[in-house]
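**Q** Please see the structure below; I have some questions.
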Amino acid sequence: MARAALTQILEPGDERGGRWLRAMGAEELLALLMSDRVPAGSLPGATPRGVDGLRARASAVVPGRALDAVRGAGGRFVVPGDAEWPTQLDDLGDARPVGLWLRGGFDLRRWALRSVALVGARACTPYGAHMAAALAAGLAERGWVVVSGGAYGVDGAAHRGALAAGGATVAVLACGVDTDYPKGHTELFGRIARQGVLVSELPPGEHPTPSRFVLRNRVIAALTRGTVVVEAAYRSGSLVTARAAQRLGRFTMGVPGPATSGLSAGVHELLRGEGVLVTDAAEVVELVGDMGALAPERAGPALPRDVLEPAGRRVLEALPGRGTATARDVARAAGVPEDEARGRLYELLSLGFVERRGTAWKLAPRPIRGSNARRGGA
């Protein structure tokens, strides 16, 4: 109850508040802030004006009321030490959340053990929305939980992609878990509350502010094994998440976009540093997954001429693009003995690459596409 009340007094990510909480404990800190007088020096680092501001907030708090509100919304409140508390959040040190307000019927700690963050621009391009949804669906199909911030653009596309694939998703909000922000995502938040988990550091009824959006990004980074930035301009909040992930020793990944797109400029800068380029879910899992979860090797399309031995390929390439040539001419152009050239030509005949015309040879009238370097192969 004391920690729940403190989430109404301390702002998310307040490291001074975290130090006070660590030194005094939740009950003593709450009692001090709600007392008639706070002795000088009892809150190290706080100015008299800052103490007055905290006491003003504390005076409006009714302990237990926020807990009743979240239960009424079908939610709950978890704190460090609870079975459902994701211990990876402890990596944030004194900036660790005081507690987490949750809506959704699934265990956040277990889900977070195998989770990836997908973040990006709110005003994303169709390409960004497509990549976010495709990555989320691919991760969901591989049994990974997709974590994002519930905002418009990339966040919304990531949540929808995971849900469409029948997967799990977590939305970390910059407002209370009973507050639908943005309003356009009311239906989406309802789906996540039924099929996933809504998470916030802020008590029910709280509304977002610009600073709260920035500060919640550290929770997204700490909660997951890695962060993928899909689209981001140079000053995107998504890069705040990526930088937080790097400081915490998490994997940081980026999806490349057009070099001319301002919405990919931030991602490209990330990739020039410590970020890893990824293009699909398999490449993400190769980084964040268990040993041996390798992405498939990438290769161009297999061409019929790929089955040929080097000598057969040289003989095929020695034939003229138009007209015919004798076995002797082919041997000379290929740099092989005439008998070998003749034998290779018969092999190519059986494979449909060439035809015989009397004592001469020519490319088949409809050669297998890409079978000859002079006709666009290789």
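Going by the structure tokens order, chains are called A, B, ..., each with residues numbered from 1, while ligands are numbered from 1 in the order shown.
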Determine, using only C-alpha atoms, which residues of stretch 59-112 of chain A have any atom at most 8 Å from an atom of stretch 17-22 of chain A, and tabulate each with its shortest atom pair and distance in Å to one decimal place, rows ordered by chain and then rising number, as CSV.
**A**
```
residue,atom,partner,partner_atom,distance
A:Asp94,CA,A:Gly18,CA,4.5
A:Ala95,CA,A:Gly18,CA,6.0
A:Arg96,CA,A:Gly18,CA,7.2
A:Val98,CA,A:Gly18,CA,7.6
```
**Q** Using only C-alpha atoms, which protein or nucleic acid residues come within 9 Å of A:Ser42? Drop anything in the same chain fewer than 4 positions from it, and give the result as JSON, numbers by chain.
**A** {"A": [32, 38, 46]}
**Q** Apply DSSP to the structure's backbone, then extract all residues of stretch 96-329 of chain A labelled strand (DSSP E or B) and return them as JSON, numbers by chain.
**A** {"A": [100, 101, 102, 103, 115, 116, 117, 118, 119, 145, 146, 147, 148, 169, 170, 171, 172, 197, 198, 199, 200, 226, 227, 228, 229, 251, 252, 253, 254, 276, 277, 325, 326]}
**Q** Could you turn the residues from that selection into a file that holds N, CA, C and O atoms, as a compact mmCIF listing (two decimals), in the first residue's frame?
**A**
```
# COMPACT_ATOMS: atom_id res chain seq x y z
N LEU A 100 4.56 -1.61 -10.30
CA LEU A 100 3.94 -1.65 -11.62
C LEU A 100 2.44 -1.92 -11.48
O LEU A 100 2.03 -2.85 -10.78
N TRP A 101 1.66 -1.11 -12.18
CA TRP A 101 0.22 -1.31 -12.26
C TRP A 101 -0.06 -2.12 -13.53
O TRP A 101 0.44 -1.78 -14.61
N LEU A 102 -0.83 -3.18 -13.41
CA LEU A 102 -1.03 -4.11 -14.52
C LEU A 102 -2.52 -4.36 -14.77
O LEU A 102 -3.33 -4.38 -13.85
N ARG A 103 -2.84 -4.57 -16.04
CA ARG A 103 -4.14 -5.10 -16.46
C ARG A 103 -3.89 -6.22 -17.45
O ARG A 103 -3.10 -6.06 -18.38
N SER A 115 11.06 -11.93 -24.27
CA SER A 115 10.38 -10.80 -24.90
C SER A 115 11.36 -9.93 -25.68
O SER A 115 12.55 -9.88 -25.39
N VAL A 116 10.82 -9.24 -26.68
CA VAL A 116 11.58 -8.32 -27.53
C VAL A 116 10.77 -7.04 -27.67
O VAL A 116 9.55 -7.09 -27.84
N ALA A 117 11.45 -5.89 -27.60
CA ALA A 117 10.80 -4.60 -27.79
C ALA A 117 10.86 -4.20 -29.25
O ALA A 117 11.92 -4.28 -29.88
N LEU A 118 9.72 -3.76 -29.78
CA LEU A 118 9.65 -3.18 -31.13
C LEU A 118 9.15 -1.76 -30.98
O LEU A 118 8.03 -1.53 -30.52
N VAL A 119 9.97 -0.79 -31.35
CA VAL A 119 9.61 0.62 -31.19
C VAL A 119 9.93 1.37 -32.47
O VAL A 119 10.68 0.89 -33.33
N VAL A 145 7.36 -12.81 -26.96
CA VAL A 145 6.41 -11.78 -26.56
C VAL A 145 6.89 -10.44 -27.13
O VAL A 145 8.07 -10.08 -26.99
N VAL A 146 5.98 -9.71 -27.76
CA VAL A 146 6.31 -8.41 -28.36
C VAL A 146 5.92 -7.31 -27.37
O VAL A 146 4.76 -7.22 -26.94
N VAL A 147 6.88 -6.45 -27.03
CA VAL A 147 6.66 -5.35 -26.09
C VAL A 147 6.80 -4.03 -26.84
O VAL A 147 7.75 -3.84 -27.60
N SER A 148 5.84 -3.13 -26.64
CA SER A 148 5.94 -1.81 -27.26
C SER A 148 5.20 -0.81 -26.38
O SER A 148 4.78 -1.14 -25.27
N THR A 169 1.46 -9.96 -26.44
CA THR A 169 2.02 -8.62 -26.53
C THR A 169 1.80 -7.87 -25.23
O THR A 169 0.81 -8.09 -24.52
N VAL A 170 2.74 -6.97 -24.91
CA VAL A 170 2.70 -6.16 -23.70
C VAL A 170 2.82 -4.70 -24.12
O VAL A 170 3.72 -4.35 -24.90
N ALA A 171 1.93 -3.84 -23.60
CA ALA A 171 2.00 -2.41 -23.86
C ALA A 171 2.41 -1.70 -22.59
O ALA A 171 1.73 -1.81 -21.56
N VAL A 172 3.54 -0.99 -22.64
CA VAL A 172 4.02 -0.21 -21.50
C VAL A 172 3.56 1.24 -21.72
O VAL A 172 4.01 1.90 -22.66
N VAL A 197 -0.97 -7.94 -21.75
CA VAL A 197 -0.82 -7.24 -20.48
C VAL A 197 -0.57 -5.76 -20.76
O VAL A 197 0.27 -5.41 -21.59
N LEU A 198 -1.30 -4.89 -20.04
CA LEU A 198 -1.03 -3.46 -20.02
C LEU A 198 -0.23 -3.14 -18.77
O LEU A 198 -0.55 -3.62 -17.68
N VAL A 199 0.82 -2.33 -18.91
CA VAL A 199 1.75 -2.05 -17.82
C VAL A 199 1.94 -0.54 -17.68
O VAL A 199 2.05 0.17 -18.68
N SER A 200 2.02 -0.06 -16.45
CA SER A 200 2.34 1.34 -16.23
C SER A 200 2.97 1.52 -14.85
O SER A 200 2.69 0.77 -13.92
N GLY A 226 16.01 -7.48 -25.89
CA GLY A 226 16.58 -6.62 -26.92
C GLY A 226 15.54 -5.67 -27.46
O GLY A 226 14.33 -5.90 -27.33
N THR A 227 16.01 -4.59 -28.09
CA THR A 227 15.14 -3.57 -28.65
C THR A 227 15.40 -3.42 -30.14
O THR A 227 16.56 -3.27 -30.55
N VAL A 228 14.34 -3.46 -30.93
CA VAL A 228 14.42 -3.25 -32.38
C VAL A 228 13.78 -1.91 -32.70
O VAL A 228 12.62 -1.67 -32.36
N VAL A 229 14.54 -1.02 -33.35
CA VAL A 229 14.00 0.26 -33.80
C VAL A 229 13.66 0.12 -35.28
O VAL A 229 14.54 -0.17 -36.09
N PHE A 251 20.54 -6.24 -26.24
CA PHE A 251 20.79 -6.16 -27.69
C PHE A 251 20.02 -4.98 -28.27
O PHE A 251 18.87 -4.72 -27.90
N THR A 252 20.66 -4.29 -29.20
CA THR A 252 20.03 -3.16 -29.88
C THR A 252 20.10 -3.40 -31.37
O THR A 252 21.17 -3.65 -31.92
N MET A 253 18.94 -3.33 -32.02
CA MET A 253 18.84 -3.66 -33.44
C MET A 253 18.08 -2.57 -34.19
O MET A 253 17.32 -1.81 -33.58
N GLY A 254 18.30 -2.50 -35.49
CA GLY A 254 17.60 -1.52 -36.31
C GLY A 254 17.23 -2.10 -37.65
O GLY A 254 17.94 -2.94 -38.20
N VAL A 276 22.69 -3.50 -34.47
CA VAL A 276 22.84 -4.60 -35.43
C VAL A 276 21.69 -4.54 -36.42
O VAL A 276 20.52 -4.40 -36.04
N LEU A 277 22.01 -4.66 -37.69
CA LEU A 277 21.00 -4.61 -38.74
C LEU A 277 20.19 -5.91 -38.75
O LEU A 277 20.75 -7.00 -38.77
N ALA A 325 28.46 -23.30 -83.42
CA ALA A 325 29.91 -23.46 -83.33
C ALA A 325 30.22 -24.94 -83.29
O ALA A 325 29.44 -25.74 -82.75
N THR A 326 31.35 -25.32 -83.87
CA THR A 326 31.75 -26.73 -83.83
C THR A 326 32.36 -27.05 -82.46
O THR A 326 32.71 -26.15 -81.68
```
**Q** What's around A:Leu202 at 10 Å? Count only C-alpha atoms, leave out sequence neighbours fewer than 6 positions away in its own chain, and write the answer as a PyMOL selection string.
**A** chain A and resi 4+6-12+97-101+173-177+208+212+216
**Q** Run DSSP on the backbone and grab whatever in stretch 59-247 of chain A lands in alpha helix (DSSP H); send it over as a VMD selection string.
**A** chain A and resid 59 65 to 72 108 to 112 126 to 141 154 to 164 186 to 195 210 to 223 237 to 247
**Q** For A:Pro365, which residue among A:Gly184, A:Gly190, A:Gly161, A:Gly321 is the nearest when counting only C-alpha atoms?
**A**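 The shortest atom-to-atom distance to A:Pro365 comes from A:Gly321.
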**Q** Could you name the residues that touch A:Arg314 at 9 Å or less, counting only C-alpha atoms, but leaving out those on the same chain fewer than 6 positions away, as a compact mmCIF listing (two decimals) with N, CA, C and O atoms, in the first residue's frame?
**A**
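What ended up in selection36.txt:
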```txt
# COMPACT_ATOMS: atom_id res chain seq x y z
N ALA A 333 37.54 -21.90 -77.42
CA ALA A 333 37.06 -20.77 -76.62
C ALA A 333 37.03 -21.08 -75.14
O ALA A 333 37.27 -20.21 -74.29
N ALA A 334 36.77 -22.36 -74.81
CA ALA A 334 36.68 -22.75 -73.39
C ALA A 334 38.03 -23.10 -72.80
O ALA A 334 38.16 -23.20 -71.57
N GLY A 335 39.01 -23.34 -73.66
CA GLY A 335 40.33 -23.69 -73.17
C GLY A 335 40.41 -25.10 -72.64
O GLY A 335 41.11 -25.36 -71.66
N VAL A 336 39.69 -26.04 -73.30
CA VAL A 336 39.72 -27.44 -72.88
C VAL A 336 39.98 -28.30 -74.11
O VAL A 336 39.79 -27.86 -75.25
```
**Q** Near stretch 264-266 of chain A, counting only C-alpha atoms, which residues have an atom at most 9 Å away, once you skip same-chain residues fewer than 5 positions from it, shown as a PyMOL selection string?
**A** chain A and resi 230-236+239+255-259+271
**Q** Using the selection just defined, write its residues with N, CA, C and O atoms as a compact mmCIF listing (two decimals), in the first residue's frame.
**A**
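result-v8.txt, written as the output of this step:
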```txt
# COMPACT_ATOMS: atom_id res chain seq x y z
N VAL A 230 12.39 0.32 -35.61
CA VAL A 230 11.95 0.11 -36.99
C VAL A 230 12.12 1.37 -37.82
O VAL A 230 12.69 1.33 -38.91
N GLU A 231 11.62 2.49 -37.36
CA GLU A 231 11.82 3.78 -38.03
C GLU A 231 12.01 4.83 -36.94
O GLU A 231 11.31 4.81 -35.92
N ALA A 232 12.94 5.75 -37.16
CA ALA A 232 13.18 6.79 -36.16
C ALA A 232 13.97 7.93 -36.80
O ALA A 232 14.96 7.69 -37.49
N ALA A 233 13.50 9.15 -36.58
CA ALA A 233 14.26 10.32 -37.00
C ALA A 233 15.38 10.56 -35.99
O ALA A 233 15.50 9.86 -34.98
N TYR A 234 16.20 11.56 -36.25
CA TYR A 234 17.36 11.81 -35.39
C TYR A 234 16.96 12.08 -33.95
O TYR A 234 17.66 11.70 -33.02
N ARG A 235 15.81 12.76 -33.73
CA ARG A 235 15.39 13.13 -32.37
C ARG A 235 14.22 12.28 -31.89
O ARG A 235 13.41 12.71 -31.08
N SER A 236 14.13 11.06 -32.36
CA SER A 236 13.02 10.19 -31.99
C SER A 236 13.17 9.66 -30.57
O SER A 236 14.27 9.33 -30.12
N LEU A 239 14.91 6.26 -30.09
CA LEU A 239 16.36 6.16 -29.88
C LEU A 239 16.71 6.24 -28.41
O LEU A 239 17.75 5.73 -27.98
N VAL A 255 16.09 -1.64 -38.17
CA VAL A 255 15.63 -2.06 -39.51
C VAL A 255 16.00 -0.95 -40.50
O VAL A 255 15.56 0.19 -40.34
N PRO A 256 16.82 -1.24 -41.50
CA PRO A 256 17.23 -0.19 -42.43
C PRO A 256 16.08 0.27 -43.30
O PRO A 256 15.11 -0.45 -43.54
N GLY A 257 16.18 1.50 -43.75
CA GLY A 257 15.18 2.06 -44.66
C GLY A 257 15.88 2.80 -45.78
O GLY A 257 17.11 2.75 -45.92
N PRO A 258 15.13 3.55 -46.61
CA PRO A 258 15.76 4.32 -47.69
C PRO A 258 16.72 5.36 -47.14
O PRO A 258 16.45 6.01 -46.13
N ALA A 259 17.85 5.52 -47.81
CA ALA A 259 18.84 6.51 -47.37
C ALA A 259 18.30 7.93 -47.45
O ALA A 259 18.79 8.83 -46.79
N LEU A 271 22.75 2.16 -36.49
CA LEU A 271 23.45 1.04 -37.12
C LEU A 271 24.92 1.37 -37.39
O LEU A 271 25.75 0.46 -37.48
```
**Q** What's the 7 Å shell around A:Trp85, counting only C-alpha atoms, without same-chain residues fewer than 6 positions away, as a list in words?
**A**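 Those residues are Val78, Val79 and Arg109 of chain A.
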**Q** So that I have them on file, write out the residues from the current selection with N, CA, C and O atoms, as a PDB file, in the first residue's frame.
**A**
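To be explicit, this is the file written out as result05.pdb:
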```
ATOM      1  N   VAL A  78       1.966  -4.736  -8.578  1.00  0.00           N
ATOM      2  CA  VAL A  78       3.054  -5.624  -8.145  1.00  0.00           C
ATOM      3  C   VAL A  78       4.265  -4.788  -7.769  1.00  0.00           C
ATOM      4  O   VAL A  78       4.496  -3.711  -8.328  1.00  0.00           O
ATOM      5  N   VAL A  79       5.035  -5.282  -6.815  1.00  0.00           N
ATOM      6  CA  VAL A  79       6.198  -4.553  -6.303  1.00  0.00           C
ATOM      7  C   VAL A  79       7.394  -5.498  -6.270  1.00  0.00           C
ATOM      8  O   VAL A  79       7.238  -6.721  -6.352  1.00  0.00           O
ATOM      9  N   ARG A 109       6.145 -11.453 -15.318  1.00  0.00           N
ATOM     10  CA  ARG A 109       7.524 -11.907 -15.123  1.00  0.00           C
ATOM     11  C   ARG A 109       7.877 -13.024 -16.097  1.00  0.00           C
ATOM     12  O   ARG A 109       8.933 -12.999 -16.735  1.00  0.00           O
TER      13      ARG A 109
END
```
**Q** Figure out the distance between atom CA of A:Ala2 and atom CA of A:Ala83, please, to one decimal in Å.
**A**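 Separating atom CA of A:Ala83 from atom CA of A:Ala2 is a distance of 18.3 Å.
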**Q** So what do you get for atom CA of A:Glu347 versus atom CA of A:Gly312, distance-wise?
**A**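 Spanning atom CA of A:Glu347 to atom CA of A:Gly312 is a straight-line distance of 8.0 Å.
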**Q** Need to verify the contact set: A:Gly289, 12 Å, only C-alpha atoms, exclusion of same-chain residues closer than 5 positions in sequence. Can you return it as a PyMOL selection string?
**A** chain A and resi 113-116+139+142-144+224-226+251+281-284+294-295
**Q** Taking N, CA and C atoms for each residue, export the selection above as a PDB file, in the first residue's frame.
**A**
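New file again.pdb:
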```
ATOM      1  N   LEU A 113      10.537 -12.871 -19.653  1.00  0.00           N
ATOM      2  CA  LEU A 113      11.741 -13.683 -19.806  1.00  0.00           C
ATOM      3  C   LEU A 113      12.069 -13.956 -21.269  1.00  0.00           C
ATOM      4  N   ARG A 114      11.054 -13.899 -22.120  1.00  0.00           N
ATOM      5  CA  ARG A 114      11.246 -14.210 -23.540  1.00  0.00           C
ATOM      6  C   ARG A 114      10.539 -13.129 -24.367  1.00  0.00           C
ATOM      7  N   SER A 115      11.058 -11.929 -24.265  1.00  0.00           N
ATOM      8  CA  SER A 115      10.383 -10.801 -24.903  1.00  0.00           C
ATOM      9  C   SER A 115      11.358  -9.932 -25.682  1.00  0.00           C
ATOM     10  N   VAL A 116      10.819  -9.245 -26.679  1.00  0.00           N
ATOM     11  CA  VAL A 116      11.583  -8.324 -27.528  1.00  0.00           C
ATOM     12  C   VAL A 116      10.774  -7.040 -27.667  1.00  0.00           C
ATOM     13  N   LEU A 139       7.922 -12.883 -34.755  1.00  0.00           N
ATOM     14  CA  LEU A 139       8.367 -13.165 -33.395  1.00  0.00           C
ATOM     15  C   LEU A 139       7.307 -13.955 -32.627  1.00  0.00           C
ATOM     16  N   ARG A 142       7.259 -17.508 -33.388  1.00  0.00           N
ATOM     17  CA  ARG A 142       8.408 -18.224 -32.809  1.00  0.00           C
ATOM     18  C   ARG A 142       8.341 -18.278 -31.281  1.00  0.00           C
ATOM     19  N   GLY A 143       7.215 -17.844 -30.720  1.00  0.00           N
ATOM     20  CA  GLY A 143       7.017 -17.949 -29.288  1.00  0.00           C
ATOM     21  C   GLY A 143       7.584 -16.807 -28.473  1.00  0.00           C
ATOM     22  N   TRP A 144       7.822 -15.640 -29.099  1.00  0.00           N
ATOM     23  CA  TRP A 144       8.359 -14.488 -28.381  1.00  0.00           C
ATOM     24  C   TRP A 144       7.255 -13.482 -28.093  1.00  0.00           C
ATOM     25  N   THR A 224      12.942  -6.222 -21.600  1.00  0.00           N
ATOM     26  CA  THR A 224      13.100  -7.133 -22.732  1.00  0.00           C
ATOM     27  C   THR A 224      14.550  -7.547 -22.931  1.00  0.00           C
ATOM     28  N   ARG A 225      14.748  -8.586 -23.756  1.00  0.00           N
ATOM     29  CA  ARG A 225      16.109  -9.049 -24.065  1.00  0.00           C
ATOM     30  C   ARG A 225      16.794  -8.155 -25.087  1.00  0.00           C
ATOM     31  N   GLY A 226      16.006  -7.484 -25.893  1.00  0.00           N
ATOM     32  CA  GLY A 226      16.582  -6.623 -26.921  1.00  0.00           C
ATOM     33  C   GLY A 226      15.540  -5.674 -27.464  1.00  0.00           C
ATOM     34  N   PHE A 251      20.543  -6.239 -26.245  1.00  0.00           N
ATOM     35  CA  PHE A 251      20.785  -6.164 -27.688  1.00  0.00           C
ATOM     36  C   PHE A 251      20.017  -4.977 -28.270  1.00  0.00           C
ATOM     37  N   ALA A 281      12.238 -11.575 -38.429  1.00  0.00           N
ATOM     38  CA  ALA A 281      12.183 -12.120 -37.073  1.00  0.00           C
ATOM     39  C   ALA A 281      13.296 -13.134 -36.821  1.00  0.00           C
ATOM     40  N   ALA A 282      13.654 -13.901 -37.829  1.00  0.00           N
ATOM     41  CA  ALA A 282      14.697 -14.914 -37.641  1.00  0.00           C
ATOM     42  C   ALA A 282      16.022 -14.272 -37.248  1.00  0.00           C
ATOM     43  N   GLU A 283      16.332 -13.124 -37.829  1.00  0.00           N
ATOM     44  CA  GLU A 283      17.581 -12.442 -37.501  1.00  0.00           C
ATOM     45  C   GLU A 283      17.533 -11.845 -36.094  1.00  0.00           C
ATOM     46  N   VAL A 284      16.350 -11.403 -35.667  1.00  0.00           N
ATOM     47  CA  VAL A 284      16.198 -10.905 -34.297  1.00  0.00           C
ATOM     48  C   VAL A 284      16.420 -12.043 -33.298  1.00  0.00           C
ATOM     49  N   LEU A 294      19.878 -19.979 -35.007  1.00  0.00           N
ATOM     50  CA  LEU A 294      20.487 -19.227 -36.100  1.00  0.00           C
ATOM     51  C   LEU A 294      19.487 -18.916 -37.197  1.00  0.00           C
ATOM     52  N   ALA A 295      19.612 -17.736 -37.765  1.00  0.00           N
ATOM     53  CA  ALA A 295      18.807 -17.388 -38.922  1.00  0.00           C
ATOM     54  C   ALA A 295      19.296 -18.182 -40.128  1.00  0.00           C
TER      55      ALA A 295
END
```
